[in-house]
Amino acid sequence: MDFFFSPCTSDSAISICGGGGGSDSLSSHLKIKPKKPFQIRQFSYSDLLSSTNSFSPDCFLGKGSHGAVYKAVLDGGKLVAAVKRTKFTNPSPSFHYNSCQLPNHTPAENEIEILSRLRNPRIVNLIGFCADSKDEKLLVVEFMPNGSLYDLLHSQSRPPGWTRRLRFALQVAKAVRALHTSNPPVIHRDIKSSNVLIDGNFNARLGDFGLALRGHVEDVRVRCTPPAGTLGYLDPGYLAPADLSVKSDVFSFGILLLEILSGRNAIDVHHSPPSVVDWALPMINHSNFDGLCDPRIGSPTDPAVTRCLGVLAAKCVRSPVQKRPDMAEVVECLKAAKKKLHVPPIWSNLRRRERHVENLQPLISNFDEPDGCDEPMRVCRMGSRRNRKVSNVSSTEYRIKTNGRVVRSRSMGSVEINSNVGGNYYSSLSGRRKHSGVAMKIPTMKLSKSRSVGVSENPKFVECNRRAGAFLPEIEMSKLMIDCESKS
Ligand SMILES: Nc1ncnc2c1ncn2[C@@H]1O[C@H](COP(=O)(O)OP(=O)(O)OP(=O)(O)O)[C@@H](O)[C@H]1O
């Protein structure tokens, strides 16, 4: 297939052509010189075999929905990289066509195509690929030695503190902003904590571009690609190709933000309600921002920080797509919250006593309803989160159902919803993690790889609700604003 590469002077390297304005936009954000080509290397299969010790278990890093990842030591020890290995199961992997008769790339091919046009310090960049492998696709990407954000947030030992959590959130937001502002935009479609990897300097990088789409929403490829994503993070309004926009990523980012705030899985059947959105929105509506915070680390000193993050997350997951903030606004909001985190406690205590949080206004005003809350925000503490039992709040209509059955696995699965001839949708979840346990059988869905819990809905039911306009999580933003005013 055409990877949009053109030959370069070196045998082992290829330069990148195309890229269009995309690299320009990225450059403007990153203040790097525009149009400087970067090189993607071609590795021989034998090189990758020897660098991974023949893909030995010692080099195994993890398994995703589309294959396994191995650590590789290349160039005589000078380059440590990660090799993503995807086996072809389809006899003609490069050329199965979707309804629009476009080549339907495998995730690995798609990742090469997207990443070969991007270079960004906030993403897991492509180093090269293997051109001479027969029945598998091998990608070589930057090695991230500190695991994933999922591992950090959900491991039993030493969960990250607020400074680190906010920094990760901001770094991911910047990565997504860079994707969305490139020309044509890139929509990641699979933003989740397991796709955020931590580099050697403990910076968060967005990885796994297997489902990403590059193009404007009206472009044929975008218009014809069936919905895909990961249950729990997937925008419930994204049910047909035409529903896709950058705001689907904003939704997923909102879920990620709730996960960062609370330390809860996007979906966790050990909690009631299982969905982090269903759990968090009632608390946000009642201004119980302390209740959102991960009990293992408690709340930040300044309650304005939690309030800002909670409101931001709620706005990201709003059902009217156009009312969700764009990623540039998200970045600004997170930057402001991060600054507040570092206000010396004495000032934040004074401020708390004053109870007026005038500086919070710019954080929130960008996302206010049109009739907005122009009054200074007031913050009230809702008591210790540790004493606060999370009750079985009744969830919004957004709750994902499976005709009464909740299905789960230990990890989160990616879902791809493909259109069939009749215009209905069926879904397939594919892949399985290293430690994942429970195989799931859902009507019209098949699950493989997963990271936490998959809860899905019968597509007919979704479609029915969609028509009725009743399936989306509509945060009672007006109530939130009333709360702000009434606590003055
Ligand atoms: N560049 C990398 N450096 C180090 N480890 C990596 C790298 N990429 C992936 N991994 C490890 O391999 C695991 C599998 O990654 P992969 O991207 O294939 O799947 P995933 O993101 O976990 O799931 P999915 O494919 O459903 O998105 C990751 O969880 C991570 O632990």
# chains A, B, ... in the order shown; residues from 1 in each chain; ligands from 1
call {"tool": "residues_around", "arguments": {"residues": "segment 265-268 of chain A", "least_positions_apart": "5", "cutoff": "6 Å", "atoms": "only C-alpha atoms", "output": "count of residues only"}}
result
5
call {"tool": "closest_atom_pairs", "arguments": {"of": "chain A", "to": "ligand 1", "cutoff": "6 Å", "atoms": "only C-alpha atoms and all ligand atoms", "output": "CSV"}}
result
residue,atom,partner,partner_atom_place_in_ligand_line,distance
A:Leu61,CA,ligand 1,11 (C),4.9
A:Gly62,CA,ligand 1,12 (O),3.5
A:Lys63,CA,ligand 1,14 (C),4.1
A:Gly64,CA,ligand 1,19 (O),3.1
A:Ser65,CA,ligand 1,25 (O),4.0
A:His66,CA,ligand 1,25 (O),5.5
A:Gly67,CA,ligand 1,18 (O),5.7
A:Ala68,CA,ligand 1,18 (O),5.8
A:Val69,CA,ligand 1,12 (O),4.9
A:Ala82,CA,ligand 1,1 (N),4.9
A:Val141,CA,ligand 1,1 (N),5.5
A:Glu142,CA,ligand 1,1 (N),5.1
A:Phe143,CA,ligand 1,3 (N),3.8
A:Met144,CA,ligand 1,3 (N),3.7
A:Pro145,CA,ligand 1,4 (C),5.6
A:Gly147,CA,ligand 1,31 (O),5.4
A:Ser148,CA,ligand 1,31 (O),5.9
A:Ser194,CA,ligand 1,22 (O),5.1
A:Asn195,CA,ligand 1,21 (O),4.4
A:Asp208,CA,ligand 1,17 (O),4.8
A:Gly413,CA,ligand 1,26 (O),5.8
A:Ser414,CA,ligand 1,26 (O),5.2
A:Lys449,CA,ligand 1,26 (O),6.0
call {"tool": "write_last_selection", "arguments": {"atoms": "C-alpha atoms", "output": "tab-separated table (two decimals), in the first residue's frame"}}
result
chain	number	residue	atom	x	y	z
A	61	LEU	CA	5.63	-5.00	27.01
A	62	GLY	CA	1.93	-5.58	26.66
A	63	LYS	CA	-0.91	-6.65	24.45
A	64	GLY	CA	-3.62	-4.54	22.88
A	65	SER	CA	-6.59	-5.22	20.71
A	66	HIS	CA	-4.53	-5.43	17.55
A	67	GLY	CA	-1.38	-7.19	18.64
A	68	ALA	CA	1.52	-7.37	21.05
A	69	VAL	CA	4.20	-4.80	21.87
A	82	ALA	CA	8.88	-0.37	21.05
A	141	VAL	CA	7.62	3.63	17.83
A	142	GLU	CA	9.28	5.56	20.64
A	143	PHE	CA	9.74	3.49	23.77
A	144	MET	CA	7.83	4.71	26.81
A	145	PRO	CA	9.59	3.26	29.84
A	147	GLY	CA	4.01	2.39	31.46
A	148	SER	CA	0.61	3.87	30.84
A	194	SER	CA	-4.24	3.01	28.52
A	195	ASN	CA	-3.37	4.94	25.36
A	208	ASP	CA	-2.11	4.22	19.60
A	413	GLY	CA	-12.29	-3.09	24.92
A	414	SER	CA	-12.29	-1.18	21.72
A	449	LYS	CA	-9.11	-6.97	23.95
call {"tool": "atom_distance", "arguments": {"atom1": "atom CA of Asp190 of chain A", "atom2": "atom CA of Gly229 of chain A"}}
result
5.0 Å
call {"tool": "atom_distance", "arguments": {"atom1": "atom CA of Glu109 of chain A", "atom2": "atom CA of Phe43 of chain A"}}
result
15.4 Å
call {"tool": "atom_distance", "arguments": {"atom1": "atom CA of Asp326 of chain A", "atom2": "atom CA of Arg167 of chain A"}}
result
18.7 Å
call {"tool": "select_by_dssp", "arguments": {"residues": "segment 104-175 of chain A", "states": "strand (DSSP E or B)", "output": "PyMOL selection string"}}
result
chain A and resi 104+123+126-130+136-142+148
call {"tool": "closest_residue", "arguments": {"among": "A:Arg264, A:His154, A:Arg189, A:Arg307", "to": "Asn285 of chain A", "atoms": "only C-alpha atoms"}}
result
A:Arg307
call {"tool": "select_by_dssp", "arguments": {"residues": "segment 122-174 of chain A", "states": "alpha helix (DSSP H)", "output": "NGL selection string"}}
result
:A and (149-154 or 162-174)
call {"tool": "write_last_selection", "arguments": {"atoms": "C-alpha atoms", "output": "PDB file, in the first residue's frame"}}
result
ATOM      1  CA  LEU A 149      -1.473   6.433  32.679  1.00  0.00           C
ATOM      2  CA  TYR A 150      -3.934   3.624  33.321  1.00  0.00           C
ATOM      3  CA  ASP A 151      -1.246   1.684  35.175  1.00  0.00           C
ATOM      4  CA  LEU A 152      -0.293   4.734  37.235  1.00  0.00           C
ATOM      5  CA  LEU A 153      -3.837   5.705  38.150  1.00  0.00           C
ATOM      6  CA  HIS A 154      -5.061   2.247  38.989  1.00  0.00           C
ATOM      7  CA  TRP A 162      -2.404  16.428  42.029  1.00  0.00           C
ATOM      8  CA  THR A 163       0.583  18.157  40.462  1.00  0.00           C
ATOM      9  CA  ARG A 164       1.372  15.125  38.373  1.00  0.00           C
ATOM     10  CA  ARG A 165      -2.261  14.402  37.519  1.00  0.00           C
ATOM     11  CA  LEU A 166      -2.852  17.939  36.305  1.00  0.00           C
ATOM     12  CA  ARG A 167       0.357  17.902  34.318  1.00  0.00           C
ATOM     13  CA  PHE A 168      -0.669  14.651  32.629  1.00  0.00           C
ATOM     14  CA  ALA A 169      -4.141  16.017  31.876  1.00  0.00           C
ATOM     15  CA  LEU A 170      -2.644  19.175  30.381  1.00  0.00           C
ATOM     16  CA  GLN A 171      -0.127  17.253  28.302  1.00  0.00           C
ATOM     17  CA  VAL A 172      -2.790  14.972  26.866  1.00  0.00           C
ATOM     18  CA  ALA A 173      -5.028  17.982  26.191  1.00  0.00           C
ATOM     19  CA  LYS A 174      -2.168  19.631  24.306  1.00  0.00           C
TER      20      LYS A 174
END
call {"tool": "residues_around", "arguments": {"residues": "Val124 of chain A", "least_positions_apart": "6", "cutoff": "6 Å", "atoms": "only C-alpha atoms", "output": "NGL selection string"}}
result
:A and (142 or 205-207)
call {"tool": "residues_around", "arguments": {"residues": "segment 245-255 of chain A", "least_positions_apart": "3", "cutoff": "9 Å", "atoms": "only C-alpha atoms", "output": "MDAnalysis selection string"}}
result
chainID A and resid 169 172:173 176 180 185:192 216:217 230 232:238 242 258:260 266 276:277 312:319 321:322 324:327 330
call {"tool": "write_last_selection", "arguments": {"atoms": "N, CA and C atoms", "output": "short mmCIF file (atom, residue, chain, number, x, y, z; two decimals), in the first residue's frame"}}
result
data_model
loop_
_atom_site.label_atom_id
_atom_site.label_comp_id
_atom_site.auth_asym_id
_atom_site.auth_seq_id
_atom_site.Cartn_x
_atom_site.Cartn_y
_atom_site.Cartn_z
N ALA A 169 -2.90 15.59 32.56
CA ALA A 169 -4.14 16.02 31.88
C ALA A 169 -3.83 17.11 30.86
N VAL A 172 -1.91 15.70 27.79
CA VAL A 172 -2.79 14.97 26.87
C VAL A 172 -3.67 15.98 26.11
N ALA A 173 -4.18 16.97 26.84
CA ALA A 173 -5.03 17.98 26.19
C ALA A 173 -4.25 18.69 25.08
N VAL A 176 -4.03 16.43 22.05
CA VAL A 176 -5.28 16.36 21.30
C VAL A 176 -5.53 17.68 20.57
N HIS A 180 -6.21 18.18 16.60
CA HIS A 180 -7.43 18.82 16.08
C HIS A 180 -7.13 20.07 15.27
N PRO A 185 -7.60 18.03 10.10
CA PRO A 185 -7.51 17.59 11.50
C PRO A 185 -7.36 16.07 11.61
N VAL A 186 -6.79 15.67 12.71
CA VAL A 186 -6.72 14.25 13.03
C VAL A 186 -7.64 14.03 14.24
N ILE A 187 -8.55 13.09 14.09
CA ILE A 187 -9.42 12.72 15.22
C ILE A 187 -8.93 11.38 15.73
N HIS A 188 -8.55 11.33 16.99
CA HIS A 188 -7.90 10.15 17.53
C HIS A 188 -8.86 8.97 17.68
N ARG A 189 -10.03 9.22 18.17
CA ARG A 189 -11.12 8.25 18.36
C ARG A 189 -10.87 7.19 19.42
N ASP A 190 -9.73 7.21 20.08
CA ASP A 190 -9.52 6.19 21.11
C ASP A 190 -8.74 6.77 22.30
N ILE A 191 -9.15 7.96 22.71
CA ILE A 191 -8.48 8.58 23.86
C ILE A 191 -8.93 7.86 25.13
N LYS A 192 -7.96 7.35 25.86
CA LYS A 192 -8.23 6.62 27.11
C LYS A 192 -6.92 6.49 27.85
N HIS A 216 -11.14 16.17 7.03
CA HIS A 216 -12.27 16.99 7.46
C HIS A 216 -13.52 16.11 7.52
N VAL A 217 -14.48 16.55 8.31
CA VAL A 217 -15.66 15.69 8.52
C VAL A 217 -16.40 15.40 7.21
N THR A 230 -13.54 3.06 22.33
CA THR A 230 -13.52 2.14 23.47
C THR A 230 -14.72 2.39 24.36
N GLY A 232 -17.04 3.00 27.28
CA GLY A 232 -16.74 3.77 28.49
C GLY A 232 -16.19 5.14 28.15
N TYR A 233 -15.47 5.22 27.04
CA TYR A 233 -14.91 6.51 26.60
C TYR A 233 -15.60 7.00 25.33
N LEU A 234 -16.36 6.10 24.73
CA LEU A 234 -16.94 6.39 23.42
C LEU A 234 -18.11 7.37 23.54
N ASP A 235 -18.07 8.40 22.74
CA ASP A 235 -19.14 9.40 22.71
C ASP A 235 -20.45 8.70 22.36
N PRO A 236 -21.44 8.75 23.25
CA PRO A 236 -22.69 8.02 22.97
C PRO A 236 -23.44 8.60 21.77
N GLY A 237 -23.09 9.80 21.38
CA GLY A 237 -23.74 10.39 20.22
C GLY A 237 -23.09 9.99 18.91
N TYR A 238 -21.99 9.24 19.00
CA TYR A 238 -21.26 8.84 17.80
C TYR A 238 -21.71 7.44 17.39
N ALA A 242 -21.44 9.81 10.15
CA ALA A 242 -21.72 11.24 10.03
C ALA A 242 -21.71 11.96 11.39
N LEU A 258 -12.27 12.74 34.27
CA LEU A 258 -12.97 12.20 35.45
C LEU A 258 -12.17 11.06 36.08
N GLU A 259 -11.56 10.26 35.22
CA GLU A 259 -10.72 9.14 35.71
C GLU A 259 -9.51 9.68 36.46
N ILE A 260 -8.91 10.74 35.91
CA ILE A 260 -7.73 11.33 36.56
C ILE A 260 -8.12 11.94 37.90
N ALA A 266 -13.24 4.09 33.90
CA ALA A 266 -14.34 4.66 33.11
C ALA A 266 -15.62 3.88 33.33
N VAL A 276 -18.44 6.03 35.17
CA VAL A 276 -17.89 7.16 35.92
C VAL A 276 -18.70 8.43 35.65
N VAL A 277 -19.29 8.54 34.48
CA VAL A 277 -20.11 9.72 34.18
C VAL A 277 -21.36 9.72 35.04
N LEU A 312 -15.21 21.39 34.11
CA LEU A 312 -14.63 21.18 32.77
C LEU A 312 -14.99 19.78 32.24
N ALA A 313 -14.81 18.79 33.10
CA ALA A 313 -15.12 17.41 32.67
C ALA A 313 -16.59 17.31 32.29
N ALA A 314 -17.46 17.92 33.11
CA ALA A 314 -18.90 17.86 32.82
C ALA A 314 -19.21 18.51 31.49
N LYS A 315 -18.52 19.58 31.20
CA LYS A 315 -18.78 20.25 29.92
C LYS A 315 -18.28 19.42 28.73
N CYS A 316 -17.19 18.71 28.95
CA CYS A 316 -16.66 17.87 27.86
C CYS A 316 -17.63 16.73 27.51
N VAL A 317 -18.36 16.24 28.50
CA VAL A 317 -19.23 15.08 28.23
C VAL A 317 -20.69 15.49 27.98
N ARG A 318 -20.90 16.77 27.79
CA ARG A 318 -22.28 17.20 27.52
C ARG A 318 -22.80 16.55 26.24
N SER A 319 -24.10 16.32 26.22
CA SER A 319 -24.66 15.67 25.03
C SER A 319 -24.73 16.59 23.81
N VAL A 321 -23.27 18.31 21.20
CA VAL A 321 -21.87 18.32 20.77
C VAL A 321 -21.32 19.75 20.67
N GLN A 322 -22.15 20.63 20.14
CA GLN A 322 -21.67 22.00 19.91
C GLN A 322 -21.42 22.75 21.21
N ARG A 324 -19.93 21.41 23.79
CA ARG A 324 -18.68 20.96 24.41
C ARG A 324 -17.57 21.95 24.05
N PRO A 325 -16.64 22.18 24.96
CA PRO A 325 -15.53 23.09 24.62
C PRO A 325 -14.63 22.47 23.56
N ASP A 326 -13.88 23.30 22.85
CA ASP A 326 -12.87 22.69 21.98
C ASP A 326 -11.59 22.49 22.79
N MET A 327 -10.63 21.79 22.22
CA MET A 327 -9.47 21.40 23.01
C MET A 327 -8.59 22.59 23.37
N VAL A 330 -10.03 23.76 26.51
CA VAL A 330 -9.70 22.79 27.56
C VAL A 330 -8.28 23.04 28.06
#
call {"tool": "residues_around", "arguments": {"residues": "Asn110 of chain A", "least_positions_apart": "5", "cutoff": "8 Å", "atoms": "only C-alpha atoms", "output": "ChimeraX atom specification"}}
result
/A:105,209-212
call {"tool": "write_last_selection", "arguments": {"atoms": "N, CA and C atoms", "output": "mmCIF file, in the first residue's frame"}}
result
data_model
loop_
_atom_site.group_PDB
_atom_site.id
_atom_site.type_symbol
_atom_site.label_atom_id
_atom_site.label_comp_id
_atom_site.auth_asym_id
_atom_site.auth_seq_id
_atom_site.Cartn_x
_atom_site.Cartn_y
_atom_site.Cartn_z
ATOM 1 N N HIS A 105 -7.899 0.403 5.809
ATOM 2 C CA HIS A 105 -6.607 0.025 6.348
ATOM 3 C C HIS A 105 -6.741 -0.770 7.623
ATOM 4 N N PHE A 209 -2.554 5.189 17.449
ATOM 5 C CA PHE A 209 -3.332 5.895 16.429
ATOM 6 C C PHE A 209 -4.002 4.918 15.459
ATOM 7 N N GLY A 210 -4.222 3.698 15.933
ATOM 8 C CA GLY A 210 -4.803 2.663 15.069
ATOM 9 C C GLY A 210 -6.196 3.005 14.565
ATOM 10 N N LEU A 211 -6.951 3.756 15.357
ATOM 11 C CA LEU A 211 -8.313 4.103 14.936
ATOM 12 C C LEU A 211 -8.419 5.539 14.444
ATOM 13 N N ALA A 212 -7.304 6.271 14.489
ATOM 14 C CA ALA A 212 -7.372 7.714 14.174
ATOM 15 C C ALA A 212 -7.806 7.936 12.731
#
